[in-house]
>>> print(open('model14.cif').read())   # mmCIF, C-alpha atoms
data_upload
#
loop_
_atom_site.label_atom_id
_atom_site.label_comp_id
_atom_site.auth_asym_id
_atom_site.auth_seq_id
_atom_site.Cartn_x
_atom_site.Cartn_y
_atom_site.Cartn_z
CA MET A 287 68.93 86.86 92.79
CA GLU A 288 68.96 83.97 95.22
CA SER A 289 68.15 85.09 98.77
CA PHE A 290 71.10 83.43 100.51
CA ILE A 291 74.85 82.95 100.39
CA SER A 292 76.11 79.37 100.42
CA ASP A 293 78.93 78.10 102.61
CA GLY A 294 81.17 77.83 99.56
CA GLU A 295 80.40 81.40 98.47
CA PHE A 296 80.99 82.67 101.99
CA LYS A 297 84.40 80.98 101.97
CA LEU A 298 85.29 82.66 98.65
CA ILE A 299 84.39 86.13 99.94
CA LYS A 300 86.02 85.46 103.32
CA THR A 301 89.28 84.36 101.70
CA TYR A 302 89.27 87.31 99.30
CA ILE A 303 88.87 89.98 102.01
CA LYS A 304 91.43 88.27 104.25
CA GLU A 305 94.10 87.99 101.57
CA LYS A 306 93.55 91.43 100.07
CA TYR A 307 92.71 93.56 103.12
CA GLY A 308 93.67 91.50 106.17
CA ILE A 309 90.11 91.46 107.52
CA ASN A 310 89.23 88.22 109.26
CA LEU A 311 85.55 87.29 109.10
CA GLY A 312 84.14 84.66 111.44
CA GLU A 313 81.30 82.34 110.54
CA GLU A 314 78.88 84.68 112.30
CA LYS A 315 79.55 87.29 109.57
CA LYS A 316 77.83 85.29 106.84
CA SER A 317 74.59 87.24 107.19
CA LEU A 318 76.55 90.50 107.31
CA ILE A 319 78.10 89.78 103.92
CA TYR A 320 74.70 89.01 102.47
CA SER A 321 73.04 92.13 103.87
CA ARG A 322 75.81 94.50 102.78
CA LEU A 323 76.33 93.14 99.30
CA ARG A 324 72.89 91.99 98.14
CA SER A 325 72.04 95.39 96.66
CA VAL A 326 75.24 95.27 94.60
CA LEU A 327 74.25 91.87 93.23
CA ALA A 328 70.76 93.15 92.42
CA GLU A 329 72.15 96.25 90.70
CA LYS A 330 74.51 94.19 88.55
CA GLY A 331 71.92 91.51 87.80
CA PHE A 332 73.89 88.66 89.34
CA GLN A 333 71.90 85.58 90.31
CA ASN A 334 74.19 84.53 93.15
CA PHE A 335 77.40 85.34 95.01
CA THR A 336 79.44 83.06 92.78
CA GLU A 337 78.68 85.30 89.80
CA TYR A 338 79.50 88.34 91.92
CA TYR A 339 82.80 86.87 93.11
CA ASP A 340 83.84 86.06 89.53
CA TYR A 341 83.09 89.67 88.60
CA LEU A 342 85.00 90.99 91.64
CA ILE A 343 88.24 89.13 90.92
CA SER A 344 88.16 89.70 87.16
CA ASP A 345 87.36 93.43 87.13
CA THR A 346 90.40 95.33 85.87
CA THR A 347 89.06 98.84 86.47
CA GLY A 348 89.32 98.60 90.27
CA GLN A 349 85.76 99.88 90.65
CA ALA A 350 84.39 96.55 91.86
CA ALA A 351 86.97 96.41 94.67
CA ILE A 352 86.19 100.01 95.66
CA VAL A 353 82.48 99.25 96.03
CA PHE A 354 83.22 95.98 97.82
CA ILE A 355 85.46 97.45 100.52
CA ASP A 356 83.18 100.46 101.00
CA ARG A 357 80.30 98.10 101.72
CA MET A 358 82.27 95.71 103.90
CA THR A 359 84.08 98.12 106.23
CA THR A 360 82.60 99.84 109.26
CA ASN A 361 83.73 103.45 109.53
CA HIS A 362 82.40 104.55 112.89
CA THR A 363 84.37 107.37 114.47
CA PHE A 364 83.87 110.75 116.11
CA PHE A 365 85.81 113.77 117.29
CA MET A 366 87.90 113.24 120.45
CA ARG A 367 87.32 109.48 120.43
CA GLU A 368 89.47 107.88 123.17
CA VAL A 369 90.31 111.38 124.30
CA GLU A 370 93.20 110.37 126.57
CA HIS A 371 95.29 109.72 123.49
CA PHE A 372 94.93 113.27 122.26
CA TYR A 373 95.92 114.76 125.60
CA TYR A 374 98.94 112.45 125.76
CA PHE A 375 99.82 113.54 122.22
CA ARG A 376 99.57 117.19 123.29
CA ASP A 377 101.27 116.95 126.68
CA VAL A 378 103.98 114.33 126.06
CA VAL A 379 104.52 113.56 122.39
CA LEU A 380 104.57 117.06 120.94
CA PRO A 381 107.02 118.39 123.57
CA TYR A 382 109.25 115.38 122.84
CA ILE A 383 109.09 116.09 119.11
CA LYS A 384 109.85 119.77 119.63
CA LYS A 385 112.90 118.89 121.70
CA THR A 386 114.33 116.15 119.49
CA VAL A 387 113.38 116.87 115.86
CA LYS A 388 116.06 119.29 114.75
CA ASN A 389 115.06 119.91 111.13
CA GLY A 390 111.43 120.85 111.82
CA ASP A 391 110.13 118.00 109.65
CA ILE A 392 107.42 116.29 111.72
CA ARG A 393 106.04 113.10 110.22
CA ILE A 394 102.73 111.78 111.54
CA TRP A 395 100.54 109.12 109.97
CA CYS A 396 96.86 108.43 110.63
CA ALA A 397 96.46 104.90 109.30
CA GLY A 398 92.78 104.09 108.89
CA CYS A 399 91.69 107.72 109.15
CA SER A 400 88.05 107.04 108.23
CA SER A 401 86.04 110.24 107.73
CA GLY A 402 88.71 112.62 109.03
CA GLU A 403 87.79 113.37 112.63
CA GLU A 404 91.04 111.95 114.02
CA SER A 405 93.35 113.61 111.53
CA TYR A 406 91.70 117.01 111.89
CA THR A 407 91.87 116.75 115.68
CA LEU A 408 95.58 115.97 115.61
CA GLN A 409 96.22 118.83 113.22
CA MET A 410 94.34 121.28 115.44
CA PHE A 411 96.42 120.21 118.43
CA MET A 412 99.60 120.70 116.42
CA ASN A 413 98.43 124.05 115.12
CA ASP A 414 97.88 125.26 118.69
CA PHE A 415 101.14 123.81 119.98
CA PHE A 416 103.39 125.26 117.28
CA ARG A 417 101.58 128.56 116.90
CA GLY A 418 103.97 131.51 116.79
CA GLU A 419 106.97 129.40 115.73
CA GLY A 420 107.32 131.38 112.53
CA GLY A 421 106.97 128.52 110.08
CA LYS A 422 109.85 126.59 111.62
CA TRP A 423 107.85 123.37 111.79
CA ASP A 424 106.39 121.34 108.94
CA THR A 425 103.32 119.83 110.57
CA GLU A 426 101.63 118.35 107.52
CA LEU A 427 100.36 114.87 108.32
CA LEU A 428 99.45 111.86 106.21
CA ALA A 429 96.00 110.28 106.56
CA THR A 430 95.13 107.05 104.74
CA ASP A 431 92.25 104.62 104.41
CA ILE A 432 91.17 101.82 102.08
CA SER A 433 87.68 103.28 101.62
CA THR A 434 87.27 105.84 98.86
CA THR A 435 83.92 106.93 100.29
CA VAL A 436 85.25 107.96 103.70
CA LEU A 437 88.35 109.57 102.19
CA THR A 438 86.11 111.75 100.04
CA LYS A 439 84.19 112.78 103.15
CA ALA A 440 87.41 113.47 105.03
CA MET A 441 88.78 115.66 102.25
CA ARG A 442 85.55 117.67 102.18
CA GLY A 443 85.79 118.29 105.92
CA VAL A 444 82.06 118.94 106.32
CA TYR A 445 80.42 117.94 109.61
CA THR A 446 77.20 118.62 111.46
CA SER A 447 77.07 120.92 114.46
CA ASP A 448 76.32 117.88 116.62
CA GLN A 449 79.44 116.09 115.38
CA ILE A 450 81.75 118.88 116.55
CA LYS A 451 80.07 119.23 119.96
CA PRO A 452 82.94 117.44 121.78
CA LEU A 453 85.42 120.07 120.60
CA ASP A 454 86.64 123.10 122.50
CA GLU A 455 84.59 126.25 121.83
CA LEU A 456 87.66 128.12 120.62
CA TRP A 457 88.35 125.37 118.12
CA LYS A 458 84.81 125.58 116.82
CA LYS A 459 85.29 129.30 116.34
CA ASN A 460 88.82 129.28 114.95
CA TYR A 461 88.97 126.11 112.90
CA PHE A 462 85.46 125.75 111.45
CA LYS A 463 83.13 127.99 109.49
CA LYS A 464 79.48 127.73 108.60
CA TYR A 465 78.75 125.72 105.48
CA ASP A 466 75.07 124.97 104.77
CA ASP A 467 71.94 123.57 106.45
CA GLY A 468 73.52 123.81 109.89
CA ASN A 469 76.72 122.07 108.79
CA VAL A 470 80.23 123.38 109.29
CA ILE A 471 83.41 122.95 107.27
CA VAL A 472 87.03 122.75 108.41
CA ARG A 473 88.95 125.91 107.56
CA ASP A 474 91.66 125.75 104.92
CA GLU A 475 94.30 126.58 107.53
CA ILE A 476 93.85 123.04 108.87
CA LYS A 477 92.77 121.29 105.67
CA LYS A 478 95.86 122.21 103.69
CA LYS A 479 98.12 120.55 106.26
CA ILE A 480 96.65 117.07 105.77
CA THR A 481 97.39 114.79 102.82
CA TYR A 482 94.67 112.17 102.30
CA ARG A 483 95.56 109.06 100.34
CA LYS A 484 94.01 105.67 99.61
CA PHE A 485 96.29 103.00 101.02
CA ASN A 486 95.99 99.31 101.86
CA LEU A 487 97.81 98.41 105.08
CA MET A 488 98.34 94.91 103.72
CA GLU A 489 101.04 96.13 101.33
CA ASN A 490 104.08 93.98 102.04
CA ARG A 491 106.34 97.01 102.03
CA PHE A 492 105.39 100.56 102.81
CA PRO A 493 106.42 103.04 100.09
CA PHE A 494 107.40 105.88 102.42
CA LYS A 495 110.84 107.41 101.93
CA LYS A 496 111.03 108.87 105.44
CA LYS A 497 110.16 107.33 108.77
CA PHE A 498 107.40 108.53 111.08
CA HIS A 499 107.57 110.09 114.53
CA VAL A 500 103.98 109.10 115.36
CA ILE A 501 101.56 106.53 113.93
CA PHE A 502 97.90 106.44 114.90
CA CYS A 503 96.24 103.16 113.90
CA ARG A 504 93.27 102.92 116.21
CA ASN A 505 90.39 100.44 116.03
CA VAL A 506 91.64 98.99 112.74
CA MET A 507 93.44 95.87 113.91
CA ILE A 508 90.37 94.52 115.72
CA TYR A 509 89.42 93.05 112.33
CA PHE A 510 92.75 91.21 111.93
CA ASP A 511 93.86 87.85 113.24
CA ASN A 512 97.00 87.64 115.38
CA GLU A 513 99.35 86.80 112.52
CA THR A 514 98.11 89.67 110.36
CA ARG A 515 98.24 92.13 113.25
CA ASP A 516 101.77 91.13 114.27
CA ALA A 517 103.03 91.48 110.69
CA LEU A 518 101.44 94.92 110.33
CA VAL A 519 102.85 96.14 113.64
CA ASN A 520 106.29 94.99 112.52
CA ARG A 521 105.93 97.07 109.36
CA PHE A 522 104.88 100.05 111.50
CA TYR A 523 107.98 99.52 113.61
CA GLU A 524 110.27 99.49 110.58
CA ALA A 525 108.57 102.64 109.27
CA SER A 526 109.12 104.51 112.57
CA GLU A 527 111.97 106.66 113.83
CA ASP A 528 113.72 105.66 117.04
CA GLY A 529 111.65 107.03 119.91
CA ALA A 530 108.48 107.11 117.78
CA TYR A 531 105.04 106.47 119.25
CA LEU A 532 102.32 104.06 118.11
CA PHE A 533 98.72 104.63 119.21
CA ILE A 534 96.21 101.78 118.86
CA GLY A 535 92.60 101.44 119.99
CA HIS A 536 91.74 100.77 123.62
CA SER A 537 89.98 97.58 122.57
CA GLU A 538 93.19 96.38 120.93
CA SER A 539 96.48 95.07 122.30
CA LEU A 540 99.86 94.02 120.96
CA ASN A 541 101.46 90.62 121.40
CA ASN A 542 104.20 91.32 123.95
CA THR A 543 106.37 88.51 122.60
CA GLY A 544 105.68 89.37 118.97
CA THR A 545 106.51 93.07 118.93
CA ARG A 546 109.61 95.15 119.51
CA TYR A 547 107.52 98.12 120.65
CA GLN A 548 107.69 98.97 124.34
CA TYR A 549 104.45 99.41 126.28
CA VAL A 550 103.98 102.96 127.59
CA GLN A 551 100.39 103.08 128.83
CA PRO A 552 97.06 101.60 127.67
CA ALA A 553 97.04 101.55 123.85
CA VAL A 554 100.26 103.58 123.58
CA TYR A 555 103.57 102.03 122.55
CA ARG A 556 107.02 103.31 121.69
CA LYS A 557 110.01 102.32 119.60
CA ILE A 558 112.94 102.41 122.02
#
>>> encode(input="model14.cif", output="structure tokens")
Amino acid sequence: MESFISDGEFKLIKTYIKEKYGINLGEEKKSLIYSRLRSVLAEKGFQNFTEYYDYLISDTTGQAAIVFIDRMTTNHTFFMREVEHFYYFRDVVLPYIKKTVKNGDIRIWCAGCSSGEESYTLQMFMNDFFRGEGGKWDTELLATDISTTVLTKAMRGVYTSDQIKPLDELWKKNYFKKYDDGNVIVRDEIKKKITYRKFNLMENRFPFKKKFHVIFCRNVMIYFDNETRDALVNRFYEASEDGAYLFIGHSESLNNTGTRYQYVQPAVYRKI
């Protein structure tokens, strides 16, 4: 295999990931593509990235795309990341939902859920908040990602003791149990209330029959250009109930003139 990626090959890969997944790669990412994909080329016996690209776009099994996006995405997250969001969810959003949702059907979406820390945290907050309500509330939430690898990890719900250190001691006791080699696993009480699905946010239309009360899409849109981000946020808006909340990452922001969401506080927006 040749030990470089040409400008033309970089453009092919860059265009592919932008059109299919919305991820915008700058010229400085050329070496990143090479380092993350070279082992795939070696494994398949490809001599260069042109051969790999031809394989990627012609594969009908979907396996090539799965490996590609797993290698190209960064899935760094941890429990209680950007903790202010979770407290706002507990102290403001959940009381609002309890007051206004009359049929007990709460719809929350973690878009770009990665390895599950965010979705499990939200579910634990909801479990505490609605405890003792006698099954009146349906608190199952949807968690999606484009990476099969991180979704598999999320569904397993296995974490190290160090990973759950930021969590409340009662949560560690009530919502986790010992697994093996010092690891812990999320208890079924929480697991069964989360539906994990593979989903590409670049779908032109979302397939959901009902609208959401809350969408968490944090630290995902940092990889998108302005046009892609604005289009996605518009789809979030259309998929949200009136009064719904959108949480994004603190390193992200929405285009004030390009969105109908109303700013609430840093990285929190609302459909009003």
>>> residues_around(input="model14.cif", residues="region 469-485 of chain A", least_positions_apart="2", cutoff="10 Å", atoms="all atoms listed in the file", output="ChimeraX atom specification")
/A:394-399,402,405-410,412-413,424-434,436-438,440-450,458,460-467,487-489,492
>>> residues_around(input="model14.cif", residues="Lys388 (chain A)", least_positions_apart="4", cutoff="12 Å", atoms="only C-alpha atoms", output="list of chain:residue names")
A:Tyr382, A:Ile383, A:Lys384, A:Ile392, A:Lys422, A:Trp423, A:Asp424
>>> resolve_selection(input="model14.cif", expression="the PyMOL selection byres ((chain A and resi 340-342) around 10)", output="list in words")
Leu298, Ile299, Tyr302, Lys330, Phe332, Phe335, Thr336, Glu337, Tyr338, Tyr339, Ile343, Ser344, Asp345, Thr346, Gly348, Gln349, Ala350, Ala351, Ile352, Val353 and Phe354 of chain A
>>> closest_residue(input="model14.cif", among="A:Tyr374, A:Phe290, A:Phe502, A:Trp457", to="Arg324 (chain A)", atoms="all atoms listed in the file")
A:Phe290
>>> closest_residue(input="model14.cif", among="A:Arg556, A:Arg521, A:Lys385, A:Arg357", to="Phe494 (chain A)", atoms="all atoms listed in the file")
A:Arg521
>>> residues_around(input="model14.cif", residues="Arg504 (chain A)", least_positions_apart="6", cutoff="10 Å", atoms="all atoms listed in the file", output="ChimeraX atom specification")
/A:367-368,396-399,404,532-538,553
>>> atom_distance(input="model14.cif", atom1="CA of Leu518 (chain A)", atom2="CA of Glu403 (chain A)")
23.1 Å
>>> closest_residue(input="model14.cif", among="A:Asn505, A:Thr386, A:Thr545, A:Gln551", to="Glu527 (chain A)", atoms="only C-alpha atoms")
A:Thr386
>>> closest_residue(input="model14.cif", among="A:Gly544, A:Val387, A:Val378, A:Thr301", to="Phe415 (chain A)", atoms="only C-alpha atoms")
A:Val378
>>> closest_residue(input="model14.cif", among="A:Asn512, A:Ile319, A:Ala517, A:Gly421", to="Lys297 (chain A)", atoms="only C-alpha atoms")
A:Ile319
>>> atom_distance(input="model14.cif", atom1="CA of Leu456 (chain A)", atom2="CA of Asp391 (chain A)")
27.0 Å
>>> closest_residue(input="model14.cif", among="A:Gly418, A:Pro552, A:Ser292, A:Val379", to="Gly529 (chain A)", atoms="only C-alpha atoms")
A:Val379
>>> atom_distance(input="model14.cif", atom1="CA of Met358 (chain A)", atom2="CA of Leu323 (chain A)")
7.9 Å
>>> axis_aligned_box(input="model14.cif", around="region 514-521 of chain A", padding_each_side="8 Å", output="lines of an AutoDock Vina configuration file")
center_x = 102.2
center_y = 93.4
center_z = 111.8
size_x = 24.2
size_y = 23.4
size_z = 20.9
>>> resolve_selection(input="model14.cif", expression="the PyMOL selection byres ((chain A and resi 362) around 9)", output="ChimeraX atom specification")
/A:360-361,363-364,400-401
>>> decode(input="model14.cif", residues="region 344-441 of chain A", atoms="C-alpha atoms", output="tab-separated table (two decimals), in the first residue's frame")
chain	number	residue	atom	x	y	z
A	344	SER	CA	-19.70	-0.03	-4.64
A	345	ASP	CA	-20.18	-2.24	-1.57
A	346	THR	CA	-23.83	-3.30	-1.38
A	347	THR	CA	-23.64	-5.07	1.99
A	348	GLY	CA	-23.25	-1.83	3.98
A	349	GLN	CA	-20.30	-3.29	5.87
A	350	ALA	CA	-17.74	-1.01	4.22
A	351	ALA	CA	-19.70	2.08	5.27
A	352	ILE	CA	-20.01	0.76	8.84
A	353	VAL	CA	-16.25	0.31	9.15
A	354	PHE	CA	-15.60	3.66	7.49
A	355	ILE	CA	-17.77	5.74	9.81
A	356	ASP	CA	-16.57	3.85	12.89
A	357	ARG	CA	-13.00	4.76	11.99
A	358	MET	CA	-13.73	8.35	11.02
A	359	THR	CA	-15.87	9.50	13.95
A	360	THR	CA	-14.62	10.57	17.36
A	361	ASN	CA	-16.82	9.25	20.15
A	362	HIS	CA	-15.45	10.94	23.24
A	363	THR	CA	-17.98	11.34	26.03
A	364	PHE	CA	-18.39	10.73	29.74
A	365	PHE	CA	-21.02	10.70	32.45
A	366	MET	CA	-22.33	14.14	33.50
A	367	ARG	CA	-20.56	15.90	30.64
A	368	GLU	CA	-21.63	19.57	30.59
A	369	VAL	CA	-23.41	18.91	33.85
A	370	GLU	CA	-25.44	22.14	33.86
A	371	HIS	CA	-27.63	20.67	31.15
A	372	PHE	CA	-28.63	17.73	33.29
A	373	TYR	CA	-29.56	19.92	36.24
A	374	TYR	CA	-31.60	22.18	33.95
A	375	PHE	CA	-33.29	19.07	32.57
A	376	ARG	CA	-34.10	17.93	36.11
A	377	ASP	CA	-35.12	21.28	37.60
A	378	VAL	CA	-36.87	22.99	34.67
A	379	VAL	CA	-37.65	20.63	31.80
A	380	LEU	CA	-39.06	17.67	33.70
A	381	PRO	CA	-41.41	19.83	35.84
A	382	TYR	CA	-42.60	21.50	32.62
A	383	ILE	CA	-43.24	18.11	31.03
A	384	LYS	CA	-45.08	16.85	34.09
A	385	LYS	CA	-47.33	19.89	34.04
A	386	THR	CA	-48.09	20.00	30.33
A	387	VAL	CA	-47.97	16.45	28.94
A	388	LYS	CA	-51.42	15.13	29.69
A	389	ASN	CA	-51.23	11.62	28.24
A	390	GLY	CA	-48.05	10.56	30.06
A	391	ASP	CA	-46.21	9.91	26.79
A	392	ILE	CA	-42.83	11.62	27.15
A	393	ARG	CA	-40.70	11.65	24.02
A	394	ILE	CA	-36.99	12.38	24.37
A	395	TRP	CA	-34.30	11.83	21.75
A	396	CYS	CA	-30.54	11.59	22.29
A	397	ALA	CA	-29.20	12.24	18.79
A	398	GLY	CA	-25.56	11.20	18.60
A	399	CYS	CA	-25.70	9.18	21.81
A	400	SER	CA	-22.21	7.68	21.41
A	401	SER	CA	-21.47	4.99	24.02
A	402	GLY	CA	-24.55	5.62	26.16
A	403	GLU	CA	-23.41	7.80	29.03
A	404	GLU	CA	-25.77	10.65	28.13
A	405	SER	CA	-28.84	8.52	27.54
A	406	TYR	CA	-28.37	6.53	30.74
A	407	THR	CA	-27.89	9.73	32.73
A	408	LEU	CA	-31.10	11.22	31.39
A	409	GLN	CA	-32.98	8.03	32.11
A	410	MET	CA	-31.71	7.94	35.69
A	411	PHE	CA	-32.87	11.52	36.23
A	412	MET	CA	-36.29	10.64	34.84
A	413	ASN	CA	-36.49	7.51	36.94
A	414	ASP	CA	-35.85	9.55	40.08
A	415	PHE	CA	-38.23	12.33	39.10
A	416	PHE	CA	-41.20	10.13	38.23
A	417	ARG	CA	-40.65	7.55	40.95
A	418	GLY	CA	-43.87	6.66	42.76
A	419	GLU	CA	-46.13	7.84	39.92
A	420	GLY	CA	-47.58	4.37	39.53
A	421	GLY	CA	-46.67	3.80	35.91
A	422	LYS	CA	-48.49	6.92	34.76
A	423	TRP	CA	-45.54	8.11	32.70
A	424	ASP	CA	-43.93	6.45	29.69
A	425	THR	CA	-40.33	7.59	30.04
A	426	GLU	CA	-38.72	5.41	27.38
A	427	LEU	CA	-36.27	7.47	25.35
A	428	LEU	CA	-34.74	7.08	21.91
A	429	ALA	CA	-30.95	7.11	21.51
A	430	THR	CA	-29.34	7.08	18.06
A	431	ASP	CA	-25.90	7.20	16.49
A	432	ILE	CA	-24.31	6.46	13.12
A	433	SER	CA	-21.60	4.26	14.64
A	434	THR	CA	-22.46	0.61	15.11
A	435	THR	CA	-19.49	0.14	17.43
A	436	VAL	CA	-20.57	2.74	20.00
A	437	LEU	CA	-24.21	1.65	19.81
A	438	THR	CA	-23.15	-1.89	20.68
A	439	LYS	CA	-21.25	-0.54	23.67
A	440	ALA	CA	-24.21	1.59	24.72
A	441	MET	CA	-26.61	-1.34	24.56
